[in-house]
>>> print(open('query.txt').read())   # compact mmCIF, C-alpha atoms and all ligand atoms
# COMPACT_ATOMS: atom_id res chain seq x y z
CA MET F 142 -41.03 35.18 -67.03
CA GLU F 143 -37.83 33.42 -67.99
CA ARG F 144 -38.19 29.64 -68.36
CA LYS F 145 -36.06 27.34 -66.29
CA PRO F 146 -33.60 25.18 -68.27
CA LEU F 147 -35.04 21.77 -69.14
CA ASN F 148 -34.41 18.90 -66.78
CA ILE F 149 -32.14 16.12 -68.03
CA GLU F 150 -35.08 13.69 -68.49
CA SER F 151 -36.69 16.12 -70.96
CA ARG F 152 -33.43 16.78 -72.77
CA LEU F 153 -32.83 13.05 -73.17
CA ALA F 154 -36.34 12.30 -74.45
CA GLN F 155 -36.10 15.17 -76.96
CA ILE F 156 -32.70 14.31 -78.47
CA GLY F 157 -32.83 15.28 -82.14
CA SER F 158 -36.51 16.13 -82.15
CA VAL F 159 -36.26 19.87 -82.82
CA HIS F 160 -33.29 19.78 -85.16
CA GLU F 161 -34.82 18.71 -88.49
CA PRO F 162 -35.68 21.98 -90.23
CA VAL F 163 -37.16 20.71 -93.51
CA THR F 164 -39.91 18.24 -92.57
CA GLY F 165 -40.18 18.73 -88.81
CA ALA F 166 -39.57 15.01 -88.25
CA VAL F 167 -39.58 14.37 -84.50
CA THR F 168 -36.72 11.89 -84.70
CA PHE F 169 -33.69 13.07 -86.59
CA PRO F 170 -33.21 11.22 -89.92
CA ILE F 171 -30.24 9.11 -90.93
CA TYR F 172 -28.15 11.04 -93.44
CA GLN F 173 -26.29 8.28 -95.19
CA ALA F 174 -24.50 10.50 -97.79
CA THR F 175 -20.73 10.44 -97.64
CA ALA F 176 -20.26 13.66 -99.68
CA TYR F 177 -22.01 17.05 -99.89
CA ARG F 178 -22.23 19.47 -102.81
CA HIS F 179 -20.38 22.73 -102.37
CA PRO F 180 -22.58 25.73 -103.34
CA LYS F 181 -19.55 27.24 -105.10
CA LEU F 182 -15.78 27.37 -104.85
CA GLY F 183 -14.72 28.26 -101.34
CA GLN F 184 -18.21 27.66 -99.91
CA SER F 185 -19.60 24.80 -97.82
CA THR F 186 -22.97 23.92 -96.34
CA GLY F 187 -21.03 23.06 -93.20
CA PHE F 188 -20.88 19.44 -94.34
CA ASP F 189 -18.20 18.29 -96.78
CA TYR F 190 -17.25 14.70 -96.11
CA ILE F 191 -18.75 12.14 -93.74
CA ARG F 192 -15.65 11.43 -91.66
CA THR F 193 -15.28 15.09 -90.78
CA LYS F 194 -18.93 15.87 -90.13
CA ASN F 195 -22.27 14.16 -90.67
CA PRO F 196 -25.67 15.69 -89.79
CA THR F 197 -26.98 12.64 -87.87
CA ARG F 198 -23.74 12.19 -85.96
CA GLN F 199 -23.63 15.90 -85.24
CA VAL F 200 -26.99 15.85 -83.44
CA LEU F 201 -25.68 13.02 -81.26
CA GLU F 202 -22.39 14.87 -80.63
CA ASP F 203 -24.12 18.12 -79.70
CA SER F 204 -26.50 16.23 -77.42
CA ILE F 205 -23.81 14.42 -75.45
CA ALA F 206 -21.77 17.64 -75.16
CA GLY F 207 -24.80 19.37 -73.63
CA LEU F 208 -25.71 16.47 -71.36
CA GLU F 209 -22.16 16.31 -69.98
CA SER F 210 -21.88 20.14 -69.66
CA GLY F 211 -18.96 20.16 -72.09
CA ASP F 212 -18.12 22.27 -75.13
CA ALA F 213 -17.80 19.62 -77.85
CA GLY F 214 -18.82 16.02 -78.41
CA PHE F 215 -17.29 13.35 -80.65
CA ALA F 216 -18.89 10.05 -81.60
CA CYS F 217 -16.54 7.16 -82.26
CA SER F 218 -16.94 3.64 -83.62
CA SER F 219 -16.42 2.08 -80.15
CA GLY F 220 -15.39 3.00 -76.62
CA MET F 221 -11.90 1.74 -77.46
CA ALA F 222 -11.81 4.01 -80.55
CA ALA F 223 -12.73 6.92 -78.27
CA LEU F 224 -9.92 6.00 -75.88
CA GLN F 225 -7.42 5.64 -78.75
CA THR F 226 -8.46 9.06 -80.11
CA ILE F 227 -7.88 10.65 -76.68
CA PHE F 228 -4.56 8.87 -76.06
CA ALA F 229 -3.33 10.07 -79.48
CA MET F 230 -2.99 13.51 -77.82
CA PHE F 231 0.09 12.23 -76.03
CA SER F 232 3.60 12.06 -77.45
CA GLN F 233 6.67 9.95 -76.98
CA GLY F 234 8.01 10.41 -73.43
CA ASP F 235 4.65 11.41 -71.90
CA HIS F 236 3.45 9.74 -68.72
CA LEU F 237 -0.11 9.15 -67.48
CA ILE F 238 -1.49 8.34 -64.03
CA VAL F 239 -4.29 5.81 -64.33
CA SER F 240 -6.86 4.22 -61.95
CA LEU F 241 -5.56 0.99 -60.49
CA ASP F 242 -8.72 -1.04 -61.03
CA LEU F 243 -9.62 -0.44 -64.65
CA TYR F 244 -11.44 -1.90 -67.66
CA GLY F 245 -9.06 -4.53 -69.10
CA GLY F 246 -9.25 -3.12 -72.64
CA THR F 247 -8.05 0.30 -71.47
CA TYR F 248 -5.15 -1.36 -69.68
CA ARG F 249 -4.32 -3.39 -72.82
CA LEU F 250 -4.39 -0.27 -75.02
CA LEU F 251 -1.97 1.53 -72.70
CA ASP F 252 0.25 -1.44 -71.89
CA ARG F 253 0.54 -3.04 -75.32
CA ILE F 254 -0.05 -0.25 -77.81
CA MET F 255 0.59 3.21 -76.32
CA SER F 256 3.79 1.86 -74.76
CA LYS F 257 5.12 1.20 -78.29
CA PHE F 258 4.79 4.94 -78.95
CA GLY F 259 6.70 5.79 -75.78
CA VAL F 260 3.67 6.76 -73.65
CA SER F 261 3.97 5.21 -70.18
CA ALA F 262 1.44 4.81 -67.36
CA SER F 263 1.46 4.32 -63.58
CA TYR F 264 -1.52 2.55 -62.01
CA VAL F 265 -2.53 3.99 -58.64
CA ASP F 266 -5.50 4.27 -56.32
CA THR F 267 -6.72 7.60 -57.72
CA ASN F 268 -8.61 8.29 -54.51
CA ASP F 269 -5.33 8.49 -52.60
CA LEU F 270 -3.85 11.98 -53.15
CA ASP F 271 -0.52 10.90 -51.58
CA ALA F 272 -0.28 8.01 -54.06
CA LEU F 273 -1.07 10.42 -56.88
CA GLU F 274 1.63 12.81 -55.71
CA GLN F 275 4.18 10.00 -55.42
CA SER F 276 3.48 8.75 -58.93
CA ARG F 277 3.70 12.21 -60.52
CA LYS F 278 6.78 12.71 -62.71
CA PRO F 279 8.12 15.75 -64.56
CA ASN F 280 6.71 14.24 -67.79
CA THR F 281 3.24 13.42 -66.37
CA LYS F 282 0.55 14.92 -68.61
CA ALA F 283 -2.79 13.56 -67.43
CA VAL F 284 -4.77 11.59 -64.86
CA PHE F 285 -7.21 8.99 -66.16
CA ILE F 286 -10.01 7.97 -63.78
CA GLU F 287 -12.72 5.36 -63.84
CA THR F 288 -15.29 5.93 -61.08
CA PRO F 289 -16.83 3.60 -60.15
CA THR F 290 -14.16 1.27 -61.46
CA ASN F 291 -15.00 -1.76 -63.53
CA PRO F 292 -15.32 -4.32 -61.95
CA LEU F 293 -14.52 -3.53 -58.30
CA MET F 294 -16.61 -0.39 -57.96
CA MET F 295 -13.88 1.68 -56.34
CA ILE F 296 -14.88 5.34 -56.04
CA THR F 297 -12.63 8.33 -56.71
CA ASP F 298 -13.35 11.85 -55.50
CA ILE F 299 -13.44 13.53 -58.92
CA GLU F 300 -13.34 17.11 -57.62
CA ALA F 301 -10.35 16.44 -55.37
CA VAL F 302 -8.36 14.82 -58.19
CA CYS F 303 -9.26 17.57 -60.69
CA THR F 304 -8.16 20.27 -58.23
CA TRP F 305 -4.86 18.44 -57.60
CA ALA F 306 -4.33 17.83 -61.33
CA ARG F 307 -5.04 21.43 -62.32
CA HIS F 308 -2.61 22.65 -59.69
CA HIS F 309 0.10 20.60 -61.40
CA GLY F 310 -0.92 21.53 -64.95
CA LEU F 311 -2.30 18.05 -65.72
CA ILE F 312 -5.53 17.30 -67.53
CA THR F 313 -8.12 14.96 -66.02
CA ILE F 314 -9.93 12.39 -68.15
CA VAL F 315 -12.90 10.52 -66.67
CA ASP F 316 -14.45 7.33 -68.04
CA ASN F 317 -18.11 7.96 -67.15
CA THR F 318 -19.47 4.77 -68.76
CA LEU F 319 -20.93 3.27 -65.59
CA LEU F 320 -22.92 6.28 -64.39
CA THR F 321 -23.71 8.28 -67.55
CA PRO F 322 -24.52 12.02 -67.40
CA TYR F 323 -27.91 11.13 -65.92
CA PHE F 324 -26.20 10.30 -62.61
CA GLN F 325 -22.76 11.95 -62.79
CA ARG F 326 -21.27 14.86 -64.74
CA PRO F 327 -17.49 14.94 -64.21
CA ILE F 328 -16.94 18.16 -66.20
CA GLU F 329 -19.09 20.02 -63.64
CA LEU F 330 -16.64 18.69 -61.02
CA GLY F 331 -13.60 19.99 -62.92
CA ALA F 332 -12.73 17.26 -65.45
CA ASP F 333 -11.38 18.24 -68.87
CA ILE F 334 -12.46 15.22 -70.90
CA VAL F 335 -15.18 12.61 -70.44
CA ILE F 336 -15.25 9.35 -72.35
CA HIS F 337 -18.00 6.72 -72.66
CA SER F 338 -18.34 3.26 -73.95
CA ALA F 339 -21.77 4.18 -75.30
CA THR F 340 -22.17 0.46 -76.07
CA LYS F 341 -23.26 0.21 -72.44
CA TYR F 342 -25.93 2.32 -70.65
CA LEU F 343 -26.21 5.11 -73.24
CA GLY F 344 -27.12 2.66 -76.03
CA GLY F 345 -28.77 0.48 -73.42
CA HIS F 346 -30.09 -2.40 -75.54
CA ASN F 347 -27.01 -4.58 -76.16
CA ASP F 348 -27.27 -3.80 -79.88
CA VAL F 349 -24.96 -0.90 -80.79
CA LEU F 350 -21.17 -0.50 -80.49
CA ALA F 351 -20.16 3.15 -79.94
CA GLY F 352 -17.89 5.50 -78.02
CA LEU F 353 -18.34 9.15 -77.08
CA ILE F 354 -15.91 11.87 -76.04
CA VAL F 355 -16.81 15.23 -74.50
CA THR F 356 -14.26 18.01 -74.09
CA LYS F 357 -14.20 21.21 -72.09
CA GLY F 358 -12.35 24.25 -73.43
CA LYS F 359 -11.53 25.50 -76.92
CA GLU F 360 -8.00 24.15 -77.14
CA LEU F 361 -8.83 20.58 -76.10
CA SER F 362 -11.98 20.58 -78.26
CA GLU F 363 -9.96 21.62 -81.31
CA GLU F 364 -7.28 19.06 -80.62
CA ILE F 365 -9.75 16.17 -80.26
CA ALA F 366 -11.66 17.37 -83.36
CA PHE F 367 -8.40 17.19 -85.31
CA LEU F 368 -7.59 13.70 -83.99
CA HIS F 369 -11.16 12.42 -84.46
CA ASN F 370 -11.09 13.38 -88.13
CA SER F 371 -7.46 12.36 -88.71
CA ILE F 372 -7.72 8.92 -87.08
CA GLY F 373 -11.17 8.40 -88.58
CA ALA F 374 -12.65 5.94 -86.05
CA VAL F 375 -15.97 7.79 -86.28
CA LEU F 376 -19.50 6.48 -85.68
CA SER F 377 -21.66 5.63 -88.73
CA PRO F 378 -24.90 7.59 -89.34
CA SER F 379 -27.11 4.54 -88.68
CA ASP F 380 -25.33 3.68 -85.45
CA SER F 381 -25.57 7.35 -84.43
CA TYR F 382 -29.34 7.13 -84.93
CA GLN F 383 -29.58 3.85 -83.03
CA LEU F 384 -27.58 5.29 -80.13
CA MET F 385 -29.80 8.41 -79.91
CA ARG F 386 -32.85 6.17 -79.91
CA GLY F 387 -31.44 4.34 -76.91
CA MET F 388 -30.45 7.55 -75.12
CA LYS F 389 -34.01 8.89 -75.21
CA THR F 390 -35.00 6.36 -72.50
CA LEU F 391 -31.78 6.63 -70.46
CA ALA F 392 -33.44 8.22 -67.42
CA LEU F 393 -36.12 5.55 -67.13
CA ARG F 394 -33.62 2.76 -67.60
CA MET F 395 -31.04 4.09 -65.16
CA ASP F 396 -33.63 4.49 -62.41
CA ARG F 397 -34.76 0.90 -62.93
CA HIS F 398 -31.17 -0.44 -63.21
CA GLU F 399 -30.35 1.25 -59.90
CA SER F 400 -33.41 0.02 -57.99
CA ASN F 401 -33.00 -3.53 -59.35
CA ALA F 402 -29.26 -3.60 -58.59
CA THR F 403 -29.90 -2.35 -55.06
CA ALA F 404 -32.52 -5.05 -54.45
CA VAL F 405 -30.31 -7.83 -55.86
CA ALA F 406 -27.16 -6.61 -54.05
CA ASN F 407 -29.07 -6.49 -50.75
CA PHE F 408 -30.32 -10.02 -51.35
CA LEU F 409 -26.77 -11.26 -52.06
CA THR F 410 -25.43 -9.78 -48.82
CA THR F 411 -27.73 -12.23 -47.01
CA HIS F 412 -26.91 -15.35 -49.05
CA PRO F 413 -24.61 -17.89 -47.32
CA ALA F 414 -22.65 -18.65 -50.53
CA ILE F 415 -21.55 -15.00 -50.89
CA ALA F 416 -18.37 -13.65 -49.27
CA GLU F 417 -18.55 -9.99 -50.32
CA VAL F 418 -20.65 -7.60 -52.42
CA PHE F 419 -19.04 -4.55 -54.06
CA TYR F 420 -21.73 -1.95 -54.72
CA PRO F 421 -21.41 1.76 -53.81
CA ALA F 422 -25.13 2.02 -53.06
CA LEU F 423 -24.61 -0.17 -49.98
CA PRO F 424 -23.92 2.07 -46.94
CA ASP F 425 -20.91 -0.01 -45.83
CA HIS F 426 -19.12 0.45 -49.17
CA PRO F 427 -15.94 2.53 -48.58
CA GLY F 428 -16.85 4.93 -51.41
CA TYR F 429 -20.47 5.42 -50.30
CA GLU F 430 -20.07 9.01 -49.01
CA ILE F 431 -18.11 10.30 -52.01
CA GLN F 432 -20.39 8.57 -54.48
CA HIS F 433 -23.42 10.06 -52.74
CA ARG F 434 -21.89 13.54 -52.88
CA GLN F 435 -20.72 13.58 -56.47
CA SER F 436 -23.46 11.55 -58.21
CA SER F 437 -27.23 11.64 -58.07
CA GLY F 438 -27.59 7.84 -58.31
CA ASN F 439 -25.89 4.49 -58.65
CA THR F 440 -24.95 2.34 -61.58
CA GLY F 441 -26.77 -0.90 -62.32
CA ILE F 442 -23.66 -3.05 -62.24
CA PHE F 443 -21.85 -4.51 -59.25
CA SER F 444 -19.51 -7.35 -58.41
CA PHE F 445 -19.55 -10.01 -55.76
CA LYS F 446 -17.30 -12.76 -54.49
CA VAL F 447 -18.55 -16.26 -53.87
CA LYS F 448 -17.07 -18.05 -50.86
CA ASP F 449 -15.49 -20.79 -52.96
CA ALA F 450 -14.14 -20.46 -56.52
CA ARG F 451 -15.65 -23.86 -57.30
CA TYR F 452 -19.14 -22.28 -57.16
CA VAL F 453 -18.44 -20.09 -60.19
CA GLU F 454 -18.79 -22.68 -62.95
CA PRO F 455 -22.10 -24.17 -61.70
CA VAL F 456 -23.54 -20.69 -60.99
CA LEU F 457 -22.84 -19.65 -64.59
CA ARG F 458 -24.34 -22.95 -65.82
CA HIS F 459 -27.49 -22.69 -63.71
CA ILE F 460 -28.54 -19.06 -64.30
CA LYS F 461 -31.40 -19.04 -66.82
CA LEU F 462 -32.95 -15.57 -67.00
CA ILE F 463 -29.55 -13.92 -66.50
CA ALA F 464 -27.23 -14.56 -69.46
CA PHE F 465 -23.58 -15.50 -69.03
CA ALA F 466 -22.26 -12.88 -71.44
CA GLU F 467 -19.58 -10.24 -71.69
CA SER F 468 -20.99 -6.72 -71.59
CA LEU F 469 -22.95 -4.42 -69.31
CA GLY F 470 -25.49 -1.63 -69.28
CA GLY F 471 -28.22 -3.19 -71.42
CA VAL F 472 -31.84 -3.93 -70.58
CA GLU F 473 -31.06 -7.66 -70.39
CA SER F 474 -29.20 -8.88 -67.28
CA LEU F 475 -25.73 -10.25 -68.00
CA MET F 476 -23.21 -11.96 -65.78
CA THR F 477 -19.49 -11.84 -66.51
CA TYR F 478 -16.48 -13.65 -65.08
CA PRO F 479 -13.85 -10.84 -65.19
CA ALA F 480 -10.78 -12.98 -64.49
CA VAL F 481 -11.26 -14.96 -67.72
CA GLN F 482 -13.23 -12.46 -69.79
CA THR F 483 -13.09 -8.66 -69.56
CA HIS F 484 -9.92 -8.51 -67.44
CA ALA F 485 -7.99 -11.49 -68.81
CA ASP F 486 -5.35 -9.21 -70.37
CA ILE F 487 -4.33 -7.73 -67.03
CA PRO F 488 -1.38 -9.70 -65.58
CA VAL F 489 -2.58 -12.06 -62.87
CA GLU F 490 -0.44 -10.46 -60.12
CA ILE F 491 -1.89 -6.97 -60.83
CA ARG F 492 -5.42 -8.36 -61.13
CA GLU F 493 -5.26 -10.30 -57.90
CA ALA F 494 -3.57 -7.45 -56.02
CA VAL F 495 -6.65 -5.30 -56.62
CA GLY F 496 -9.06 -8.18 -55.98
CA VAL F 497 -10.10 -9.37 -59.45
CA ASP F 498 -9.60 -13.02 -58.60
CA GLU F 499 -11.24 -16.32 -59.53
CA ARG F 500 -14.05 -15.85 -56.96
CA LEU F 501 -15.28 -12.56 -58.45
CA LEU F 502 -18.38 -12.33 -60.64
CA ARG F 503 -19.72 -9.15 -62.20
CA PHE F 504 -23.44 -8.65 -62.58
CA SER F 505 -24.96 -6.12 -64.95
CA VAL F 506 -28.49 -5.91 -63.62
CA GLY F 507 -31.06 -5.35 -66.35
CA ILE F 508 -34.58 -3.94 -66.20
CA GLU F 509 -36.44 -7.22 -65.63
CA HIS F 510 -38.48 -7.56 -62.42
CA ALA F 511 -36.12 -7.65 -59.43
CA ASP F 512 -37.97 -10.64 -57.93
CA ASP F 513 -37.32 -12.73 -61.04
CA LEU F 514 -33.62 -11.85 -60.99
CA ILE F 515 -33.33 -12.71 -57.30
CA ALA F 516 -35.14 -16.03 -57.85
CA ASP F 517 -32.81 -16.91 -60.75
CA LEU F 518 -29.70 -16.09 -58.71
CA ASP F 519 -30.94 -17.84 -55.60
CA GLU F 520 -31.65 -21.00 -57.57
CA ALA F 521 -28.26 -20.93 -59.32
CA LEU F 522 -26.34 -20.29 -56.08
CA ASN F 523 -28.18 -23.03 -54.20
CA ALA F 524 -27.64 -25.48 -57.06
CA ALA F 525 -23.92 -24.60 -57.12
CA VAL F 526 -23.57 -25.11 -53.38
CA ALA F 527 -25.42 -28.43 -53.59
CA GLU F 528 -23.12 -29.63 -56.39
CA VAL F 529 -19.89 -28.57 -54.70
CA GLU F 530 -20.68 -29.31 -51.08
CA GLY F 531 -23.21 -32.05 -51.69
CA GLY F 532 -25.67 -30.12 -49.54
CA VAL F 533 -26.57 -26.70 -48.23
CA LEU F 534 -23.99 -24.39 -46.65
CA GLY F 535 -24.10 -24.14 -42.86
C1 LIG I 601 -15.54 1.28 -68.50
C2 LIG I 601 -15.31 0.92 -69.94
N1 LIG I 601 -14.64 1.77 -70.74
C3 LIG I 601 -14.42 1.48 -72.04
C4 LIG I 601 -14.84 0.30 -72.60
C5 LIG I 601 -14.58 0.00 -74.06
O1 LIG I 601 -15.75 0.21 -74.81
P1 LIG I 601 -16.19 -0.58 -76.14
O2 LIG I 601 -16.42 -2.01 -75.77
O3 LIG I 601 -17.43 0.15 -76.55
O4 LIG I 601 -15.10 -0.45 -77.14
C6 LIG I 601 -15.55 -0.61 -71.82
C7 LIG I 601 -16.02 -1.89 -72.40
O5 LIG I 601 -16.45 -2.79 -71.68
C8 LIG I 601 -15.79 -0.29 -70.45
O6 LIG I 601 -16.46 -1.15 -69.64
>>> encode(input="query.txt", output="structure tokens")
Amino acid sequence: MERKPLNIESRLAQIGSVHEPVTGAVTFPIYQATAYRHPKLGQSTGFDYIRTKNPTRQVLEDSIAGLESGDAGFACSSGMAALQTIFAMFSQGDHLIVSLDLYGGTYRLLDRIMSKFGVSASYVDTNDLDALEQSRKPNTKAVFIETPTNPLMMITDIEAVCTWARHHGLITIVDNTLLTPYFQRPIELGADIVIHSATKYLGGHNDVLAGLIVTKGKELSEEIAFLHNSIGAVLSPSDSYQLMRGMKTLALRMDRHESNATAVANFLTTHPAIAEVFYPALPDHPGYEIQHRQSSGNTGIFSFKVKDARYVEPVLRHIKLIAFAESLGGVESLMTYPAVQTHADIPVEIREAVGVDERLLRFSVGIEHADDLIADLDEALNAAVAEVEGGVLG
């Protein structure tokens, strides 16, 4: 009887464990060598020089390609390095359509660096096909989507955009950082390229900086392989090992992140100091239906608005278990103030037009006990209200 393909939990737990042919080591070793002997002139073991190919990195790259249902994977020194490698595909005069609400670093790379090379971008609500159509130009080459977006959790229908893009000969690139292949696989929905800040959920422990790219199709895979090697922003062997170690527990962590985030988000919807909670797992979120259809779960990060911007400073001062720090996706809970941290490089009028204003806080919910997180938040919010209002909100 033919065996069913392994479930994603098993594939994650087993990353690298059947690849080491010499000793049978169940975790793949770190090959630190930068150069490899050639058996003779014109021959190679398959490994020549570390930037081009490294055995440890290769196991990681093959794993992420498989997990994302793509053809090739590329490990980069950061999420930004992965984005730069992808954007290097474009030439002077090319135009991109990009999600309106977007990680600030991606915006900065496009606005301040790619623009110098003559690559322009239009920022639109990528869930609005009319807006996409209106922003399309004769020189448009690609659509770049974040879904959910960071920090406002806007959801884009990946399949609908990919179908539209393919019809117009455009490629679709999806930043899948917030959901990971455990919950969402954009290539199965028609995307051409997936990118990750693996610093976040894939690494999962707030201790490794990495980026991953997955491509579908021979031509794109060859092009990104050329750029990956030529630009050289590749991941080191030890960081590749560390990232795979984190990925082995991705399924367990994502399930816990999701259940904790749902519990905390539900609590916040009932707190009198909170104006709004942006989390696609909540049934009244505008992207709830699409998210439910295209993903098998929800990210562990969400944003919320306090009723008064003056609450922000005391909330950040009073949280104890939750750290006021600038990242997401790790086992430790972190709270970020996007307007002055992650999204500070986006011009204030663009930021505020999408809703990233001075009342917005972003919460990356870790894997601690949900009750402890709720208690920490409740205490900090009540202390903030008491300081600002001199009492409890009515
Ligand atoms: C959605 C998203 N994409 C890309 C990046 C950039 O990744 P890195 O910090 O690993 O360079 C980040 C970083 O926060 C992110 O949140």
>>> closest_residue(input="query.txt", among="F:Thr281, F:Asn291, F:Thr390, F:Thr411", to="ligand LIG 601 (chain I)", atoms="only C-alpha atoms and all ligand atoms")
F:Asn291
>>> residues_near_point(input="query.txt", point="(1.3, 13.7, -77.6)", cutoff="12 Å", atoms="all atoms listed in the file", output="ChimeraX atom specification")
/F:225-237,255,258-261,280-283,364-365,368
>>> closest_atom_pairs(input="query.txt", of="chain F", to="ligand LIG 601 (chain I)", cutoff="10 Å", atoms="only C-alpha atoms and all ligand atoms", output="Markdown table")
| residue | atom | partner | partner_atom | distance |
| --- | --- | --- | --- | --- |
| F:Cys217 | CA | I:LIG601 | O3 | 9.1 |
| F:Ser218 | CA | I:LIG601 | O4 | 7.9 |
| F:Ser219 | CA | I:LIG601 | O4 | 4.1 |
| F:Gly220 | CA | I:LIG601 | O1 | 3.3 |
| F:Met221 | CA | I:LIG601 | O4 | 3.9 |
| F:Ala222 | CA | I:LIG601 | O4 | 6.5 |
| F:Ala223 | CA | I:LIG601 | O4 | 7.8 |
| F:Leu224 | CA | I:LIG601 | C3 | 7.4 |
| F:Gln225 | CA | I:LIG601 | O4 | 9.9 |
| F:Leu243 | CA | I:LIG601 | C1 | 7.3 |
| F:Tyr244 | CA | I:LIG601 | C1 | 5.3 |
| F:Gly245 | CA | I:LIG601 | O5 | 8.0 |
| F:Gly246 | CA | I:LIG601 | C5 | 6.3 |
| F:Thr247 | CA | I:LIG601 | C3 | 6.5 |
| F:Tyr248 | CA | I:LIG601 | C3 | 10.0 |
| F:Ile286 | CA | I:LIG601 | C1 | 9.9 |
| F:Glu287 | CA | I:LIG601 | C1 | 6.8 |
| F:Thr288 | CA | I:LIG601 | C1 | 8.8 |
| F:Pro289 | CA | I:LIG601 | C1 | 8.8 |
| F:Thr290 | CA | I:LIG601 | C1 | 7.2 |
| F:Asn291 | CA | I:LIG601 | C1 | 5.9 |
| F:Pro292 | CA | I:LIG601 | O6 | 8.4 |
| F:Val315 | CA | I:LIG601 | C1 | 9.8 |
| F:Asp316 | CA | I:LIG601 | C1 | 6.2 |
| F:Asn317 | CA | I:LIG601 | C1 | 7.3 |
| F:Thr318 | CA | I:LIG601 | C1 | 5.3 |
| F:Leu319 | CA | I:LIG601 | C1 | 6.4 |
| F:Leu320 | CA | I:LIG601 | C1 | 9.8 |
| F:Ile336 | CA | I:LIG601 | N1 | 7.8 |
| F:His337 | CA | I:LIG601 | N1 | 6.3 |
| F:Ser338 | CA | I:LIG601 | O1 | 4.1 |
| F:Ala339 | CA | I:LIG601 | O3 | 6.1 |
| F:Thr340 | CA | I:LIG601 | O3 | 4.8 |
| F:Lys341 | CA | I:LIG601 | O3 | 7.1 |
| F:Val349 | CA | I:LIG601 | O3 | 8.7 |
| F:Leu350 | CA | I:LIG601 | O3 | 5.5 |
| F:Ala351 | CA | I:LIG601 | O3 | 5.3 |
| F:Gly352 | CA | I:LIG601 | O3 | 5.6 |
| F:Leu353 | CA | I:LIG601 | O3 | 9.1 |
| F:Glu467 | CA | I:LIG601 | O5 | 8.1 |
| F:Ser468 | CA | I:LIG601 | O5 | 6.0 |
| F:Leu469 | CA | I:LIG601 | O5 | 7.1 |
| F:Gly470 | CA | I:LIG601 | O6 | 9.0 |
| F:Thr483 | CA | I:LIG601 | O5 | 7.1 |
| F:His484 | CA | I:LIG601 | O5 | 9.7 |
>>> write_last_selection(input="query.txt", atoms="C-alpha atoms", output="short mmCIF file (atom, residue, chain, number, x, y, z; two decimals), in the coordinates of the input")
data_model
loop_
_atom_site.label_atom_id
_atom_site.label_comp_id
_atom_site.auth_asym_id
_atom_site.auth_seq_id
_atom_site.Cartn_x
_atom_site.Cartn_y
_atom_site.Cartn_z
CA CYS F 217 -16.54 7.16 -82.26
CA SER F 218 -16.94 3.64 -83.62
CA SER F 219 -16.42 2.08 -80.15
CA GLY F 220 -15.39 3.00 -76.62
CA MET F 221 -11.90 1.74 -77.46
CA ALA F 222 -11.81 4.01 -80.55
CA ALA F 223 -12.73 6.92 -78.27
CA LEU F 224 -9.92 6.00 -75.88
CA GLN F 225 -7.42 5.64 -78.75
CA LEU F 243 -9.62 -0.44 -64.65
CA TYR F 244 -11.44 -1.90 -67.66
CA GLY F 245 -9.06 -4.53 -69.10
CA GLY F 246 -9.25 -3.12 -72.64
CA THR F 247 -8.05 0.30 -71.47
CA TYR F 248 -5.15 -1.36 -69.68
CA ILE F 286 -10.01 7.97 -63.78
CA GLU F 287 -12.72 5.36 -63.84
CA THR F 288 -15.29 5.93 -61.08
CA PRO F 289 -16.83 3.60 -60.15
CA THR F 290 -14.16 1.27 -61.46
CA ASN F 291 -15.00 -1.76 -63.53
CA PRO F 292 -15.32 -4.32 -61.95
CA VAL F 315 -12.90 10.52 -66.67
CA ASP F 316 -14.45 7.33 -68.04
CA ASN F 317 -18.11 7.96 -67.15
CA THR F 318 -19.47 4.77 -68.76
CA LEU F 319 -20.93 3.27 -65.59
CA LEU F 320 -22.92 6.28 -64.39
CA ILE F 336 -15.25 9.35 -72.35
CA HIS F 337 -18.00 6.72 -72.66
CA SER F 338 -18.34 3.26 -73.95
CA ALA F 339 -21.77 4.18 -75.30
CA THR F 340 -22.17 0.46 -76.07
CA LYS F 341 -23.26 0.21 -72.44
CA VAL F 349 -24.96 -0.90 -80.79
CA LEU F 350 -21.17 -0.50 -80.49
CA ALA F 351 -20.16 3.15 -79.94
CA GLY F 352 -17.89 5.50 -78.02
CA LEU F 353 -18.34 9.15 -77.08
CA GLU F 467 -19.58 -10.24 -71.69
CA SER F 468 -20.99 -6.72 -71.59
CA LEU F 469 -22.95 -4.42 -69.31
CA GLY F 470 -25.49 -1.63 -69.28
CA THR F 483 -13.09 -8.66 -69.56
CA HIS F 484 -9.92 -8.51 -67.44
#
>>> closest_residue(input="query.txt", among="F:Ile238, F:Asp298, F:Asn195, F:Leu522", to="Gln275 of chain F", atoms="all atoms listed in the file")
F:Ile238
>>> closest_residue(input="query.txt", among="F:Leu514, F:Ile508, F:Val529, F:Ala154", to="Asp396 of chain F", atoms="only C-alpha atoms")
F:Ile508
>>> atom_distance(input="query.txt", atom1="atom CA of Ile334 of chain F", atom2="atom CA of Val355 of chain F")
5.6 Å
>>> closest_residue(input="query.txt", among="F:Asn347, F:Thr356, F:Ser256, F:Asn370", to="Ile191 of chain F", atoms="all atoms listed in the file")
F:Asn370
>>> atom_distance(input="query.txt", atom1="atom CA of Ala166 of chain F", atom2="atom CA of Arg394 of chain F")
24.7 Å
>>> atom_distance(input="query.txt", atom1="atom CA of Thr164 of chain F", atom2="atom CA of Tyr382 of chain F")
17.1 Å
>>> residues_around(input="query.txt", residues="Ala301 of chain F", least_positions_apart="2", cutoff="10 Å", atoms="all atoms listed in the file", output="list of chain:residue names")
F:Thr267, F:Asn268, F:Asp269, F:Leu270, F:Thr297, F:Asp298, F:Ile299, F:Cys303, F:Thr304, F:Trp305, F:Ala306, F:Leu330, F:Gly331
